[in-house]
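Contents: one structure, followed by commentary.
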Amino acid sequence: MEFIYRGLKANLERHTVTGAEIDRQLQRLQQQNPRIAVVKDRPTQQGDEVVLDYAGYCNGVQFAGGTAQNQTLVLGSGSFIPGFEEQLLDKVPEEKVTVKVTFPEQYHAPELAGKEAEFRCVIHEIRLKTNYELDDVFAKEVGGCETLEEMRQKLGESLQAYSDERGEMDLQDRLLHQAAATVEVAISEEELKDAIDEQMNNLRAQLGQQGLSIEMYCQFMNTTEEQLRQDAKPSAEESIRTRAAVEKIVELEKLEAEDQEVADALNLICRRNRMTMEQLKPYYNDEFRKAVIASVLTSKVMKLIRDAAEVTVITGK
């Protein structure tokens with residue numbers, strides 16, 4: 001089989017962002033960014049957000065984890081211990097309030113479960129959250145624009161750029177898989193096992209972020225870990241084939257990951273994870289560096305294939 005990675009053909013479907021999509025995004029921003037007004041002419045009431053300090057005591061002794069400063073709390077939300085929020089109603093800023101509660105019997109801290117306690121509180125600020133109107137005020141305070149029309153235009157441009165970027169990424173991914181389909185590679189059992197292990201580890205990590213285990217997932221999906229491994233086999237084989245295609249193109253085209261390209265990739269990792277290079281250093285070992293270099297080379301391969309492809313742009317909604 002001839003390995004083909006130049007002159008591939010594919011369609012690039014370019015979605016045109018509609019006014020309705022812009023409206024939906026404006027409404028999402030409206031919901032996510034309530035207007036917060038400081039209330040000064042009345043005491044607290046249900047639904048208010050308060051900013052308070054509190055310190056918790058049990059048998060007259062302050063306990064760990066029961067102290068906070070400038071904590072925000074919506075009265076009536078049920079976020080705190082039962083009975084806590086109700087005792088903060090009808091209070092004014094800087095008023096000292098002693099809240100008396102009984103911890104639930106099933107409280108997560110066993111040393112406090114079922115015990116009586118008091119919280120010495122001071123409310124510093126009362127806030128009222130309301131929805132913005134979709135007008136120029138909303139555009140200025142939320143969108144950083146002078147008018148709502150300007151905000152709509154910039155939002156449309158942002159949505160279009162995002163859609164175009166996703167379309168381009170999808171195109172390059174499809175072209176790479178086209179090339180990978182023509183590469184000859186013998187996949188050993190060990191390679192396949194390692195690729196499946198990698199996919200299973202990724203699944204475990206994703207589930208862990210949601211507080212789930214692989215056992216819980218299997219029970220919910222009415223399957224077994226062995227079946228999951230079997231189901232992962234085709235995509236594992238595809239990943240091996242794709243990696244082989246990338247390595248072969250790197251060799252044929254004599255591609256290299258320049259130091260600046262690696263540095264740019266590391267800076268991007270830091271930005272995406274909201275960390276500094278100094279914070280990244282403890283994780284930056286040889287394995288990490290190899291993974292970054294592989295990512296840089298894969299991006300260069302995908303761009304090369306894309307530039308050498310015959311792409312038909314199809315524009316639609």
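To be explicit about the labels: the chains of the structure tokens are called A, B, and onward in the order shown, and within each one the residues are counted from 1, while ligands get numbers from 1 in the order they are shown.
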
Can you pull out every residue within 8 Å of A:Glu94, counting only C-alpha atoms, but drop anything in the same chain fewer than 3 positions away, and send it as a CSV table (one decimal) with C-alpha atoms, in the first residue's frame?
```csv
chain,number,residue,atom,x,y,z
A,122,VAL,CA,-20.7,40.3,61.2
A,123,ILE,CA,-22.5,41.2,58.0
A,124,HIS,CA,-20.5,43.8,56.1
A,125,GLU,CA,-22.6,44.2,53.0
```

Identify which of the residues A:Tyr57, A:Phe84, A:Phe119, A:Phe288 lies closest to A:Val262, counting only C-alpha atoms when measuring atom-to-atom distances.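 Nearest to A:Val262: A:Phe288.
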
Enumerate as number ranges by chain all residues of stretch 26-158 of chain A assigned to alpha helix (DSSP H) by DSSP on the backbone, naming them with the chain letters and numbers the document uses. A: 26-32, 136-141, 148-158

Export of the given selection (N, CA and C atoms) as a PDB file, in the first residue's frame:
```pdb
ATOM      1  N   LEU A  26     -26.056  36.085  24.074  1.00  0.00           N
ATOM      2  CA  LEU A  26     -26.337  37.280  24.883  1.00  0.00           C
ATOM      3  C   LEU A  26     -27.182  36.912  26.101  1.00  0.00           C
ATOM      4  N   GLN A  27     -28.168  36.052  25.881  1.00  0.00           N
ATOM      5  CA  GLN A  27     -29.038  35.629  26.991  1.00  0.00           C
ATOM      6  C   GLN A  27     -28.260  34.816  28.024  1.00  0.00           C
ATOM      7  N   ARG A  28     -27.316  33.983  27.559  1.00  0.00           N
ATOM      8  CA  ARG A  28     -26.483  33.226  28.495  1.00  0.00           C
ATOM      9  C   ARG A  28     -25.623  34.172  29.329  1.00  0.00           C
ATOM     10  N   LEU A  29     -25.057  35.171  28.680  1.00  0.00           N
ATOM     11  CA  LEU A  29     -24.253  36.151  29.403  1.00  0.00           C
ATOM     12  C   LEU A  29     -25.104  36.935  30.393  1.00  0.00           C
ATOM     13  N   GLN A  30     -26.343  37.204  29.999  1.00  0.00           N
ATOM     14  CA  GLN A  30     -27.277  37.909  30.885  1.00  0.00           C
ATOM     15  C   GLN A  30     -27.547  37.085  32.139  1.00  0.00           C
ATOM     16  N   GLN A  31     -27.719  35.770  31.973  1.00  0.00           N
ATOM     17  CA  GLN A  31     -27.989  34.885  33.108  1.00  0.00           C
ATOM     18  C   GLN A  31     -26.746  34.687  33.977  1.00  0.00           C
ATOM     19  N   GLN A  32     -25.586  34.640  33.351  1.00  0.00           N
ATOM     20  CA  GLN A  32     -24.347  34.375  34.080  1.00  0.00           C
ATOM     21  C   GLN A  32     -23.813  35.609  34.798  1.00  0.00           C
ATOM     22  N   ASP A 136     -27.762  49.126  26.362  1.00  0.00           N
ATOM     23  CA  ASP A 136     -26.413  49.683  26.315  1.00  0.00           C
ATOM     24  C   ASP A 136     -25.705  49.605  27.667  1.00  0.00           C
ATOM     25  N   VAL A 137     -26.477  49.660  28.761  1.00  0.00           N
ATOM     26  CA  VAL A 137     -25.871  49.546  30.095  1.00  0.00           C
ATOM     27  C   VAL A 137     -25.251  48.155  30.254  1.00  0.00           C
ATOM     28  N   PHE A 138     -25.984  47.143  29.833  1.00  0.00           N
ATOM     29  CA  PHE A 138     -25.482  45.763  29.862  1.00  0.00           C
ATOM     30  C   PHE A 138     -24.221  45.651  29.013  1.00  0.00           C
ATOM     31  N   ALA A 139     -24.251  46.269  27.834  1.00  0.00           N
ATOM     32  CA  ALA A 139     -23.107  46.218  26.929  1.00  0.00           C
ATOM     33  C   ALA A 139     -21.876  46.851  27.566  1.00  0.00           C
ATOM     34  N   LYS A 140     -22.056  47.955  28.276  1.00  0.00           N
ATOM     35  CA  LYS A 140     -20.928  48.652  28.903  1.00  0.00           C
ATOM     36  C   LYS A 140     -20.395  47.894  30.107  1.00  0.00           C
ATOM     37  N   GLU A 141     -21.295  47.451  30.986  1.00  0.00           N
ATOM     38  CA  GLU A 141     -20.867  46.870  32.258  1.00  0.00           C
ATOM     39  C   GLU A 141     -20.452  45.400  32.147  1.00  0.00           C
ATOM     40  N   LEU A 148     -25.128  48.177  22.726  1.00  0.00           N
ATOM     41  CA  LEU A 148     -25.502  46.777  22.578  1.00  0.00           C
ATOM     42  C   LEU A 148     -25.214  46.297  21.164  1.00  0.00           C
ATOM     43  N   GLU A 149     -25.389  47.177  20.188  1.00  0.00           N
ATOM     44  CA  GLU A 149     -25.125  46.795  18.808  1.00  0.00           C
ATOM     45  C   GLU A 149     -23.642  46.466  18.611  1.00  0.00           C
ATOM     46  N   GLU A 150     -22.777  47.259  19.240  1.00  0.00           N
ATOM     47  CA  GLU A 150     -21.344  46.980  19.162  1.00  0.00           C
ATOM     48  C   GLU A 150     -21.026  45.640  19.824  1.00  0.00           C
ATOM     49  N   MET A 151     -21.687  45.374  20.952  1.00  0.00           N
ATOM     50  CA  MET A 151     -21.469  44.107  21.643  1.00  0.00           C
ATOM     51  C   MET A 151     -21.936  42.940  20.786  1.00  0.00           C
ATOM     52  N   ARG A 152     -23.079  43.097  20.123  1.00  0.00           N
ATOM     53  CA  ARG A 152     -23.584  42.045  19.243  1.00  0.00           C
ATOM     54  C   ARG A 152     -22.594  41.761  18.123  1.00  0.00           C
ATOM     55  N   GLN A 153     -22.043  42.827  17.552  1.00  0.00           N
ATOM     56  CA  GLN A 153     -21.106  42.663  16.444  1.00  0.00           C
ATOM     57  C   GLN A 153     -19.850  41.919  16.900  1.00  0.00           C
ATOM     58  N   LYS A 154     -19.272  42.335  18.033  1.00  0.00           N
ATOM     59  CA  LYS A 154     -18.059  41.697  18.535  1.00  0.00           C
ATOM     60  C   LYS A 154     -18.327  40.250  18.946  1.00  0.00           C
ATOM     61  N   LEU A 155     -19.498  40.018  19.532  1.00  0.00           N
ATOM     62  CA  LEU A 155     -19.862  38.667  19.934  1.00  0.00           C
ATOM     63  C   LEU A 155     -20.014  37.776  18.707  1.00  0.00           C
ATOM     64  N   GLY A 156     -20.624  38.320  17.658  1.00  0.00           N
ATOM     65  CA  GLY A 156     -20.770  37.568  16.417  1.00  0.00           C
ATOM     66  C   GLY A 156     -19.422  37.216  15.810  1.00  0.00           C
ATOM     67  N   GLU A 157     -18.498  38.178  15.848  1.00  0.00           N
ATOM     68  CA  GLU A 157     -17.158  37.931  15.311  1.00  0.00           C
ATOM     69  C   GLU A 157     -16.436  36.861  16.120  1.00  0.00           C
ATOM     70  N   SER A 158     -16.606  36.915  17.438  1.00  0.00           N
ATOM     71  CA  SER A 158     -15.967  35.924  18.317  1.00  0.00           C
ATOM     72  C   SER A 158     -16.538  34.529  18.077  1.00  0.00           C
TER      73      SER A 158
END
```

Find the residues around A:Phe80 up to 12 Å (only C-alpha atoms counted), leave out those fewer than 5 positions away in its own chain, and share them as a PyMOL selection string. chain A and resi 66+71-75+85-88+99+101-104+107+119

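Neighbouring residues of A:Ile249 at 9 Å or closer, counting only C-alpha atoms and skipping chain neighbours under 6 positions away, are Tyr5, Leu255 and Val301 of chain A.
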
Just-selected residues, N, CA and C atoms written as a JSON list (two decimals), in the first residue's frame:
```json
[["chain", "number", "residue", "atom", "x", "y", "z"],
["A", 5, "TYR", "N", 0.02, 11.18, 1.81],
["A", 5, "TYR", "CA", -0.31, 12.26, 2.75],
["A", 5, "TYR", "C", -0.33, 13.63, 2.08],
["A", 255, "LEU", "N", 11.16, 16.96, 9.66],
["A", 255, "LEU", "CA", 10.59, 18.00, 10.53],
["A", 255, "LEU", "C", 11.25, 17.95, 11.91],
["A", 301, "VAL", "N", 2.84, 18.39, 11.31],
["A", 301, "VAL", "CA", 2.42, 17.38, 10.33],
["A", 301, "VAL", "C", 1.02, 17.69, 9.82]]
```

Quick one: DSSP strand (DSSP E or B) residues in stretch 144-316 of chain A, as a PyMOL selection string? chain A and resi 310-316

Keeping N, CA and C atoms for every residue in the selection just given, could you write it to a file as a short mmCIF file (atom, residue, chain, number, x, y, z; two decimals), in the first residue's frame?
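File produced: result-v1.cif:
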```cif
data_model
loop_
_atom_site.label_atom_id
_atom_site.label_comp_id
_atom_site.auth_asym_id
_atom_site.auth_seq_id
_atom_site.Cartn_x
_atom_site.Cartn_y
_atom_site.Cartn_z
N GLU A 310 -6.36 19.13 -1.23
CA GLU A 310 -7.35 19.82 -2.07
C GLU A 310 -8.62 19.97 -1.24
N VAL A 311 -8.85 21.19 -0.76
CA VAL A 311 -9.94 21.43 0.16
C VAL A 311 -11.03 22.25 -0.52
N THR A 312 -12.24 21.74 -0.45
CA THR A 312 -13.41 22.46 -1.00
C THR A 312 -14.17 23.07 0.17
N VAL A 313 -14.29 24.41 0.13
CA VAL A 313 -14.99 25.11 1.20
C VAL A 313 -16.48 25.16 0.88
N ILE A 314 -17.26 24.66 1.82
CA ILE A 314 -18.72 24.68 1.66
C ILE A 314 -19.29 25.58 2.75
N THR A 315 -19.91 26.66 2.33
CA THR A 315 -20.46 27.62 3.28
C THR A 315 -21.95 27.39 3.45
N GLY A 316 -22.37 27.35 4.70
CA GLY A 316 -23.81 27.17 4.97
C GLY A 316 -24.12 27.56 6.37
#
```

Atomic distance atom CA of A:Lys290 - atom CA of A:Ser213, expressed in Å with one decimal: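 For atom CA of A:Lys290 relative to atom CA of A:Ser213, the distance reads 29.3 Å.
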
Separation of atom CA of A:Ala181 from atom CA of A:Ala244, in Å and rounded to one decimal: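 Going from atom CA of A:Ala181 over to atom CA of A:Ala244, I get 10.5 Å.
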
Nearest to A:Arg120, restricted to only C-alpha atoms and choosing among A:Ala186, A:Asp170, A:Leu89, A:Gln69, comes out as A:Gln69
